[in-house]
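Step one of this worksheet: look at the structure below.
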Amino acid sequence: MKLTQTFIPTLREVPADAVIASHRLMFRAGMIRKLANGLFAYLPLGLRSLRKLEQIIREEMDAINAQEIKPTVVVPGEVWKESGRWEAMGDAMLRARNRLGVDLVVSPTAEEAVTALVRDDLSSYRQLPLSLYQINSKYRDEIRPRYGVMRGREFIMKDAYSYHADEESLDKTYRDMGRAYRRVFRRCGLTVIPVQADSGAMGGSGSEEFMVESEIGDNTLLLCKSCDYAANVEKASCKPDFRPPPSVEAAREASSSTPATEIIDTPSVKTIGDLCVFLKTSAKNFIKTLIYRAVNVELDLSAAPGCASLERRRPAPGAPELYPEAFFAVLIRGDLDVNEAKLAATLKAGELALAADTDVERLTGAPVGFAGPVGLTGLPIIVDQTVTAMGDAVTGALAKDQHYRHVAYGRDFTGWLVQDIRTVKDGDLCPHCGTSLYEKKGNELGHIFKLGYKYTRPMNVSYLDEHGKTQTPTMGSYGIGLDRTLASVIEEHHDENGIIWPVTLAPCHVIIVPVKYNGAVKTTADTLEKELEQLGLEVLVDDRDERPGVKFKDADLIGIPFRVVVGDKNLTASTPQVEIRRRGKVENRLVSAAAAAQELAAMLRAELAALNA
Ligand code: ATP
Ligand code: MG
């Protein structure tokens, strides 16, 4: 392949919005161009690497018996209505209506579309387990697309869906997928950290994310210094730094020597920080009470305080009933923060956020800053575990400028639900081994879920088991973002001059740089190109009429693993020679021009074998 015949528009300048290396380099190397915010086109060089990544993923999926399909990207809104996610997806989902007035969706993910496909042809347990995958475009109307293809609006995902007769079979495929993902990332030369993850809006019983460490990562990870515990902060738990009482009665007994609760005047003291100063005590002695508004709550609240007459709705015929709106009081020790992902998981809520000031006033009868559990009625109280060990605490007194002191859990208040909802932070103790945890920022490249019956039940998927009985299959879903993976590879493999591709993803294996493309140099370069191609290597020849310095800069920028410089001087030696350099290394090696192709092929094979092992 001759450079003059390709469309590889390299650039010296960097677009102003390209703040991370991969974004800058993908642009400058002519791999991608931006059409609009969050919409990127791959140019030939970028597409070559993307295709290689697709192929790696394909091989690993095929190896675990997943089968590739090609569903449509545009799908009927109807299937999203069946699952109940038509509303839950909100504005992230791009919708359209065709000329007949039919609702359409540009797929943000494809649980519904693939499940609808499978439903039509699944009849017998003999067809299970079934794993299907696609490598296809997705669209999510991200509020803030950024970092180039790391977070685009349109992006490419490998998404797989599996269907099973029982949990055991789902577990096996889930484990196989996890192993396949580890292999994919290893073959890409990426160091990934698999972490326990929250199942989020997808629902389900188990989930793992594959993260790369990154300063610009959107995720906080908690990792153990001594064992292999690793979790997304949304899911992370820790060993309590207190001894939780085994029951409400035990808590009440434990606080038998706590003085009687009394009101204290706390004029113009609103925050916990102010209170600490005012009462000369530490935040650990306060009970923070936060009022949350949750939307689409699946948890059964029929026995919860103040909820008996709440509106309930079924978003789709087979889907579980939801409360469109519900309020909760959430208690946590004053030095800790509520983990909203854990809280949402506890409540099975679609979304939640702190309630508006007016709602807080209406529900607590006091201005914001004075909520507390003593005497609080009319809404369910969710108690973080930490609060159950508080036998003598300070908390808001449901009146302006007033707090209670000597408040004890079990004696002065209880909750409707006790749960671990704290945010784990750097220095907290590992839930497995008790060693301190530390934090890292991470970027999510892949995510695997056990979904259970979340989609198959409302969408009425069924098959006949070996006894002829109708059953619903259980399901898993598994995604990898290809663009984000490619960008992450560049983040991990580059230097100040450009990309340093791992051989598995490099757009070409070898770049031949003739210092001047004429005479003996040209003949040698062309011969070498042919020889390399015959050995199955992918070759780019920089046949441009440019100074060698310009060619070297571009070769470094686009990051092709092996560079061969063909120059007059080395050709006139008794044995004509060319100069080989591995991108990323400083030393040049002179090899005989006649043996160069074999030598390069051997170098490439060795590197491929190491990565694909
Ligand atoms: P994020 O939390 O980063 O928004 P997500 O958890 O919503 O991602 P999933 O639904 O788990 O994403 O999708 C599977 C994979 O698709 C992600 O692990 C990621 O690699 C990729 N992905 C998701 N959103 C984007 C995006 N906007 N741009 C590029 N890749 C994306
Ligand atoms: Mg995810």
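Letters A, B, ... go to the chains of the structure tokens in the order shown; residues in each chain start at 1; ligands are counted from 1 in the same order.
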Return as an mmCIF file with N, CA, C and O atoms, in the first residue's frame every polymer residue, whether protein, DNA or RNA, with at least one atom no more than 6 Å from an atom of ligand 1; count only C-alpha atoms and all ligand atoms.
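What ended up in result.cif:
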```
data_model
loop_
_atom_site.group_PDB
_atom_site.id
_atom_site.type_symbol
_atom_site.label_atom_id
_atom_site.label_comp_id
_atom_site.auth_asym_id
_atom_site.auth_seq_id
_atom_site.Cartn_x
_atom_site.Cartn_y
_atom_site.Cartn_z
ATOM 1 N N VAL A 149 -13.664 9.701 21.007
ATOM 2 C CA VAL A 149 -14.527 8.520 20.925
ATOM 3 C C VAL A 149 -14.691 7.806 22.271
ATOM 4 O O VAL A 149 -15.437 6.832 22.363
ATOM 5 N N MET A 150 -14.002 8.280 23.301
ATOM 6 C CA MET A 150 -14.175 7.677 24.635
ATOM 7 C C MET A 150 -15.629 7.768 25.085
ATOM 8 O O MET A 150 -16.158 6.855 25.713
ATOM 9 N N ARG A 151 -16.228 8.915 24.859
ATOM 10 C CA ARG A 151 -17.648 9.068 25.142
ATOM 11 C C ARG A 151 -18.293 9.806 23.988
ATOM 12 O O ARG A 151 -18.360 11.031 23.960
ATOM 13 N N GLY A 152 -18.717 9.045 23.007
ATOM 14 C CA GLY A 152 -19.387 9.636 21.854
ATOM 15 C C GLY A 152 -20.889 9.494 22.030
ATOM 16 O O GLY A 152 -21.365 8.960 23.030
ATOM 17 N N ARG A 153 -21.628 10.004 21.051
ATOM 18 C CA ARG A 153 -23.082 9.750 21.060
ATOM 19 C C ARG A 153 -23.345 8.492 20.246
ATOM 20 O O ARG A 153 -24.035 7.600 20.683
ATOM 21 N N PHE A 155 -21.596 5.155 18.923
ATOM 22 C CA PHE A 155 -20.388 4.378 19.168
ATOM 23 C C PHE A 155 -20.660 2.925 18.789
ATOM 24 O O PHE A 155 -21.795 2.559 18.489
ATOM 25 N N MET A 157 -20.559 -1.041 19.725
ATOM 26 C CA MET A 157 -20.523 -1.950 20.854
ATOM 27 C C MET A 157 -20.577 -3.381 20.348
ATOM 28 O O MET A 157 -21.244 -3.672 19.363
ATOM 29 N N GLU A 444 -14.612 2.595 32.127
ATOM 30 C CA GLU A 444 -15.240 1.296 31.881
ATOM 31 C C GLU A 444 -15.153 0.903 30.405
ATOM 32 O O GLU A 444 -15.638 1.638 29.552
ATOM 33 N N LEU A 445 -14.575 -0.258 30.145
ATOM 34 C CA LEU A 445 -14.477 -0.725 28.752
ATOM 35 C C LEU A 445 -15.506 -1.814 28.454
ATOM 36 O O LEU A 445 -15.930 -1.978 27.318
ATOM 37 N N GLY A 446 -15.847 -2.563 29.494
ATOM 38 C CA GLY A 446 -16.780 -3.658 29.265
ATOM 39 C C GLY A 446 -17.598 -3.906 30.512
ATOM 40 O O GLY A 446 -17.216 -3.502 31.617
ATOM 41 N N HIS A 447 -18.727 -4.572 30.310
ATOM 42 C CA HIS A 447 -19.639 -4.766 31.432
ATOM 43 C C HIS A 447 -20.423 -6.044 31.170
ATOM 44 O O HIS A 447 -20.982 -6.218 30.102
ATOM 45 N N GLY A 479 -21.422 -6.414 27.303
ATOM 46 C CA GLY A 479 -21.049 -5.378 26.326
ATOM 47 C C GLY A 479 -19.596 -4.951 26.407
ATOM 48 O O GLY A 479 -19.001 -4.911 27.490
ATOM 49 N N ILE A 480 -19.033 -4.652 25.235
ATOM 50 C CA ILE A 480 -17.702 -4.021 25.178
ATOM 51 C C ILE A 480 -17.812 -2.835 24.232
ATOM 52 O O ILE A 480 -18.378 -2.966 23.139
ATOM 53 N N GLY A 481 -17.280 -1.693 24.625
ATOM 54 C CA GLY A 481 -17.243 -0.534 23.734
ATOM 55 C C GLY A 481 -15.972 -0.577 22.909
ATOM 56 O O GLY A 481 -14.873 -0.568 23.455
ATOM 57 N N ASP A 483 -14.850 1.601 20.418
ATOM 58 C CA ASP A 483 -14.147 2.884 20.257
ATOM 59 C C ASP A 483 -13.368 3.207 21.524
ATOM 60 O O ASP A 483 -12.225 3.637 21.489
ATOM 61 N N ARG A 484 -14.042 2.988 22.660
ATOM 62 C CA ARG A 484 -13.414 3.331 23.925
ATOM 63 C C ARG A 484 -12.212 2.424 24.199
ATOM 64 O O ARG A 484 -11.207 2.855 24.742
#
```
Exercise: segment 504-516 of chain A partners within 7 Å, only C-alpha atoms, chain neighbours under 6 positions left out, as a PyMOL selection string: chain A and resi 45+48-49+52-53+187-188+522+525+537-543+548+551+560-567+608
Dump of N, CA and C atoms for the selected residues, as a PDB file, in the first residue's frame:
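Saved result, part_6.pdb, follows:
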```
ATOM      1  N   LEU A  45      -7.279   4.621   8.069  1.00  0.00           N
ATOM      2  CA  LEU A  45      -6.296   4.109   9.025  1.00  0.00           C
ATOM      3  C   LEU A  45      -6.973   3.666  10.325  1.00  0.00           C
ATOM      4  N   ARG A  48      -8.938   0.436   9.928  1.00  0.00           N
ATOM      5  CA  ARG A  48      -8.130  -0.799   9.921  1.00  0.00           C
ATOM      6  C   ARG A  48      -7.932  -1.313  11.348  1.00  0.00           C
ATOM      7  N   SER A  49      -7.627  -0.411  12.276  1.00  0.00           N
ATOM      8  CA  SER A  49      -7.437  -0.847  13.666  1.00  0.00           C
ATOM      9  C   SER A  49      -8.751  -1.310  14.270  1.00  0.00           C
ATOM     10  N   LYS A  52      -9.518  -4.760  13.247  1.00  0.00           N
ATOM     11  CA  LYS A  52      -8.706  -5.769  13.949  1.00  0.00           C
ATOM     12  C   LYS A  52      -9.277  -6.042  15.338  1.00  0.00           C
ATOM     13  N   LEU A  53      -9.728  -4.976  15.985  1.00  0.00           N
ATOM     14  CA  LEU A  53     -10.332  -5.160  17.302  1.00  0.00           C
ATOM     15  C   LEU A  53     -11.611  -5.999  17.174  1.00  0.00           C
ATOM     16  N   ARG A 187      -5.143  -9.425  24.623  1.00  0.00           N
ATOM     17  CA  ARG A 187      -4.679  -9.422  23.229  1.00  0.00           C
ATOM     18  C   ARG A 187      -4.519  -8.000  22.704  1.00  0.00           C
ATOM     19  N   CYS A 188      -5.231  -7.069  23.294  1.00  0.00           N
ATOM     20  CA  CYS A 188      -5.106  -5.654  22.909  1.00  0.00           C
ATOM     21  C   CYS A 188      -3.945  -4.971  23.636  1.00  0.00           C
ATOM     22  N   LYS A 522      14.035   3.142  -4.454  1.00  0.00           N
ATOM     23  CA  LYS A 522      12.656   2.796  -4.816  1.00  0.00           C
ATOM     24  C   LYS A 522      12.543   1.296  -5.111  1.00  0.00           C
ATOM     25  N   ALA A 525      12.733  -0.639  -1.898  1.00  0.00           N
ATOM     26  CA  ALA A 525      11.508  -0.467  -1.094  1.00  0.00           C
ATOM     27  C   ALA A 525      10.368  -1.291  -1.686  1.00  0.00           C
ATOM     28  N   LEU A 537       2.432  -9.980   5.728  1.00  0.00           N
ATOM     29  CA  LEU A 537       2.494  -8.762   6.531  1.00  0.00           C
ATOM     30  C   LEU A 537       1.795  -7.608   5.817  1.00  0.00           C
ATOM     31  N   GLU A 538       1.273  -6.691   6.595  1.00  0.00           N
ATOM     32  CA  GLU A 538       0.606  -5.520   6.019  1.00  0.00           C
ATOM     33  C   GLU A 538       1.599  -4.362   6.015  1.00  0.00           C
ATOM     34  N   VAL A 539       1.752  -3.762   4.835  1.00  0.00           N
ATOM     35  CA  VAL A 539       2.853  -2.819   4.647  1.00  0.00           C
ATOM     36  C   VAL A 539       2.358  -1.498   4.086  1.00  0.00           C
ATOM     37  N   LEU A 540       2.922  -0.431   4.610  1.00  0.00           N
ATOM     38  CA  LEU A 540       2.654   0.900   4.075  1.00  0.00           C
ATOM     39  C   LEU A 540       3.995   1.459   3.617  1.00  0.00           C
ATOM     40  N   VAL A 541       4.032   1.960   2.365  1.00  0.00           N
ATOM     41  CA  VAL A 541       5.275   2.548   1.859  1.00  0.00           C
ATOM     42  C   VAL A 541       5.082   4.059   1.769  1.00  0.00           C
ATOM     43  N   ASP A 542       5.946   4.806   2.454  1.00  0.00           N
ATOM     44  CA  ASP A 542       5.828   6.266   2.385  1.00  0.00           C
ATOM     45  C   ASP A 542       6.535   6.758   1.132  1.00  0.00           C
ATOM     46  N   ASP A 543       5.785   6.747   0.015  1.00  0.00           N
ATOM     47  CA  ASP A 543       6.348   7.108  -1.295  1.00  0.00           C
ATOM     48  C   ASP A 543       6.194   8.594  -1.579  1.00  0.00           C
ATOM     49  N   PRO A 548      12.976  13.336   4.634  1.00  0.00           N
ATOM     50  CA  PRO A 548      12.934  12.186   5.544  1.00  0.00           C
ATOM     51  C   PRO A 548      12.407  12.569   6.921  1.00  0.00           C
ATOM     52  N   LYS A 551       8.734  12.429   7.015  1.00  0.00           N
ATOM     53  CA  LYS A 551       8.256  11.038   6.942  1.00  0.00           C
ATOM     54  C   LYS A 551       8.439  10.328   8.287  1.00  0.00           C
ATOM     55  N   ILE A 560       3.040   2.750  13.525  1.00  0.00           N
ATOM     56  CA  ILE A 560       3.181   1.398  12.973  1.00  0.00           C
ATOM     57  C   ILE A 560       4.385   0.712  13.626  1.00  0.00           C
ATOM     58  N   PRO A 561       4.201  -0.535  14.087  1.00  0.00           N
ATOM     59  CA  PRO A 561       5.222  -1.146  14.951  1.00  0.00           C
ATOM     60  C   PRO A 561       6.632  -1.201  14.366  1.00  0.00           C
ATOM     61  N   PHE A 562       6.775  -1.599  13.090  1.00  0.00           N
ATOM     62  CA  PHE A 562       8.131  -1.748  12.547  1.00  0.00           C
ATOM     63  C   PHE A 562       8.369  -0.750  11.415  1.00  0.00           C
ATOM     64  N   ARG A 563       9.465  -0.003  11.561  1.00  0.00           N
ATOM     65  CA  ARG A 563       9.814   0.976  10.525  1.00  0.00           C
ATOM     66  C   ARG A 563      11.086   0.497   9.837  1.00  0.00           C
ATOM     67  N   VAL A 564      11.057   0.537   8.508  1.00  0.00           N
ATOM     68  CA  VAL A 564      12.256   0.177   7.741  1.00  0.00           C
ATOM     69  C   VAL A 564      12.675   1.398   6.942  1.00  0.00           C
ATOM     70  N   VAL A 565      13.870   1.890   7.181  1.00  0.00           N
ATOM     71  CA  VAL A 565      14.359   3.027   6.402  1.00  0.00           C
ATOM     72  C   VAL A 565      15.266   2.501   5.297  1.00  0.00           C
ATOM     73  N   VAL A 566      14.934   2.879   4.068  1.00  0.00           N
ATOM     74  CA  VAL A 566      15.764   2.484   2.926  1.00  0.00           C
ATOM     75  C   VAL A 566      16.475   3.732   2.423  1.00  0.00           C
ATOM     76  N   GLY A 567      17.824   3.723   2.501  1.00  0.00           N
ATOM     77  CA  GLY A 567      18.591   4.910   2.080  1.00  0.00           C
ATOM     78  C   GLY A 567      19.740   4.525   1.179  1.00  0.00           C
ATOM     79  N   LEU A 608       3.183 -11.155  18.094  1.00  0.00           N
ATOM     80  CA  LEU A 608       1.788 -11.613  18.014  1.00  0.00           C
ATOM     81  C   LEU A 608       1.567 -12.793  18.957  1.00  0.00           C
TER      82      LEU A 608
END
```
Please list as a list in words every residue within 6 Å of segment 472-477 of chain A, counting only C-alpha atoms and excluding residues in the same chain fewer than 6 positions away. Ala160, Tyr161, Ser162, Tyr163, His164, Ala165, Ile448, Phe449, Lys450, Leu451, Gly452, Tyr453, Val461 and Ser462 of chain A
Could you save the residues just selected, with C-alpha atoms, as a short mmCIF file (atom, residue, chain, number, x, y, z; two decimals), in the first residue's frame?
```cif
data_model
loop_
_atom_site.label_atom_id
_atom_site.label_comp_id
_atom_site.auth_asym_id
_atom_site.auth_seq_id
_atom_site.Cartn_x
_atom_site.Cartn_y
_atom_site.Cartn_z
CA ALA A 160 -24.06 -10.29 23.53
CA TYR A 161 -27.20 -11.77 25.03
CA SER A 162 -27.56 -15.24 26.47
CA TYR A 163 -30.65 -17.31 27.33
CA HIS A 164 -30.72 -20.25 29.73
CA ALA A 165 -32.92 -22.90 31.25
CA ILE A 448 -21.24 -8.16 31.98
CA PHE A 449 -24.61 -8.73 33.68
CA LYS A 450 -26.74 -11.51 34.96
CA LEU A 451 -30.17 -10.15 34.16
CA GLY A 452 -32.40 -12.96 35.36
CA TYR A 453 -35.98 -12.64 34.14
CA VAL A 461 -40.38 -15.39 26.19
CA SER A 462 -41.03 -19.05 26.76
#
```
For atom CA of Ser237 of chain A and atom CA of Gly391 of chain A, quote the distance in Å rounded to one decimal.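 Distance reported for this atom pair: 23.0 Å.
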Please indicate the distance in Å from atom CA of Ala41 of chain A to atom CA of Asp556 of chain A, rounded to one decimal place. 22.5 Å
Which of segment 103-141 of chain A DSSP labels helix (DSSP H, G or I), written as a VMD selection string: chain A and resid 111 to 121 125 to 127
Written selection (N, CA and C atoms) as a JSON list (two decimals), in the first residue's frame:
```
[["chain", "number", "residue", "atom", "x", "y", "z"],
["A", 111, "GLU", "N", -31.09, -5.32, 24.52],
["A", 111, "GLU", "CA", -31.75, -6.41, 25.26],
["A", 111, "GLU", "C", -33.12, -6.70, 24.64],
["A", 112, "GLU", "N", -33.86, -5.63, 24.38],
["A", 112, "GLU", "CA", -35.23, -5.79, 23.87],
["A", 112, "GLU", "C", -35.24, -6.37, 22.46],
["A", 113, "ALA", "N", -34.42, -5.77, 21.59],
["A", 113, "ALA", "CA", -34.46, -6.18, 20.18],
["A", 113, "ALA", "C", -34.06, -7.64, 20.03],
["A", 114, "VAL", "N", -33.00, -8.05, 20.72],
["A", 114, "VAL", "CA", -32.54, -9.44, 20.56],
["A", 114, "VAL", "C", -33.52, -10.40, 21.23],
["A", 115, "THR", "N", -34.06, -9.99, 22.38],
["A", 115, "THR", "CA", -35.04, -10.85, 23.06],
["A", 115, "THR", "C", -36.29, -11.03, 22.19],
["A", 116, "ALA", "N", -36.69, -9.96, 21.51],
["A", 116, "ALA", "CA", -37.85, -10.07, 20.62],
["A", 116, "ALA", "C", -37.57, -11.04, 19.47],
["A", 117, "LEU", "N", -36.33, -11.02, 18.98],
["A", 117, "LEU", "CA", -35.95, -11.94, 17.90],
["A", 117, "LEU", "C", -35.99, -13.39, 18.38],
["A", 118, "VAL", "N", -35.37, -13.60, 19.55],
["A", 118, "VAL", "CA", -35.27, -14.95, 20.09],
["A", 118, "VAL", "C", -36.65, -15.52, 20.40],
["A", 119, "ARG", "N", -37.51, -14.67, 20.92],
["A", 119, "ARG", "CA", -38.86, -15.09, 21.33],
["A", 119, "ARG", "C", -39.58, -15.82, 20.20],
["A", 120, "ASP", "N", -39.44, -15.33, 18.99],
["A", 120, "ASP", "CA", -40.18, -15.90, 17.87],
["A", 120, "ASP", "C", -39.75, -17.33, 17.54],
["A", 121, "ASP", "N", -38.50, -17.66, 17.79],
["A", 121, "ASP", "CA", -38.01, -18.96, 17.34],
["A", 121, "ASP", "C", -37.62, -19.91, 18.45],
["A", 125, "TYR", "N", -36.32, -26.54, 25.18],
["A", 125, "TYR", "CA", -35.13, -26.48, 26.06],
["A", 125, "TYR", "C", -33.89, -26.95, 25.30],
["A", 126, "ARG", "N", -34.10, -27.72, 24.22],
["A", 126, "ARG", "CA", -32.95, -28.22, 23.45],
["A", 126, "ARG", "C", -32.19, -27.08, 22.79],
["A", 127, "GLN", "N", -32.84, -25.93, 22.59],
["A", 127, "GLN", "CA", -32.16, -24.79, 21.95],
["A", 127, "GLN", "C", -31.32, -23.99, 22.94]]
```
For atom CA of Ala251 of chain A and atom CA of Pro380 of chain A, quote the distance in Å rounded to one decimal. 19.9 Å
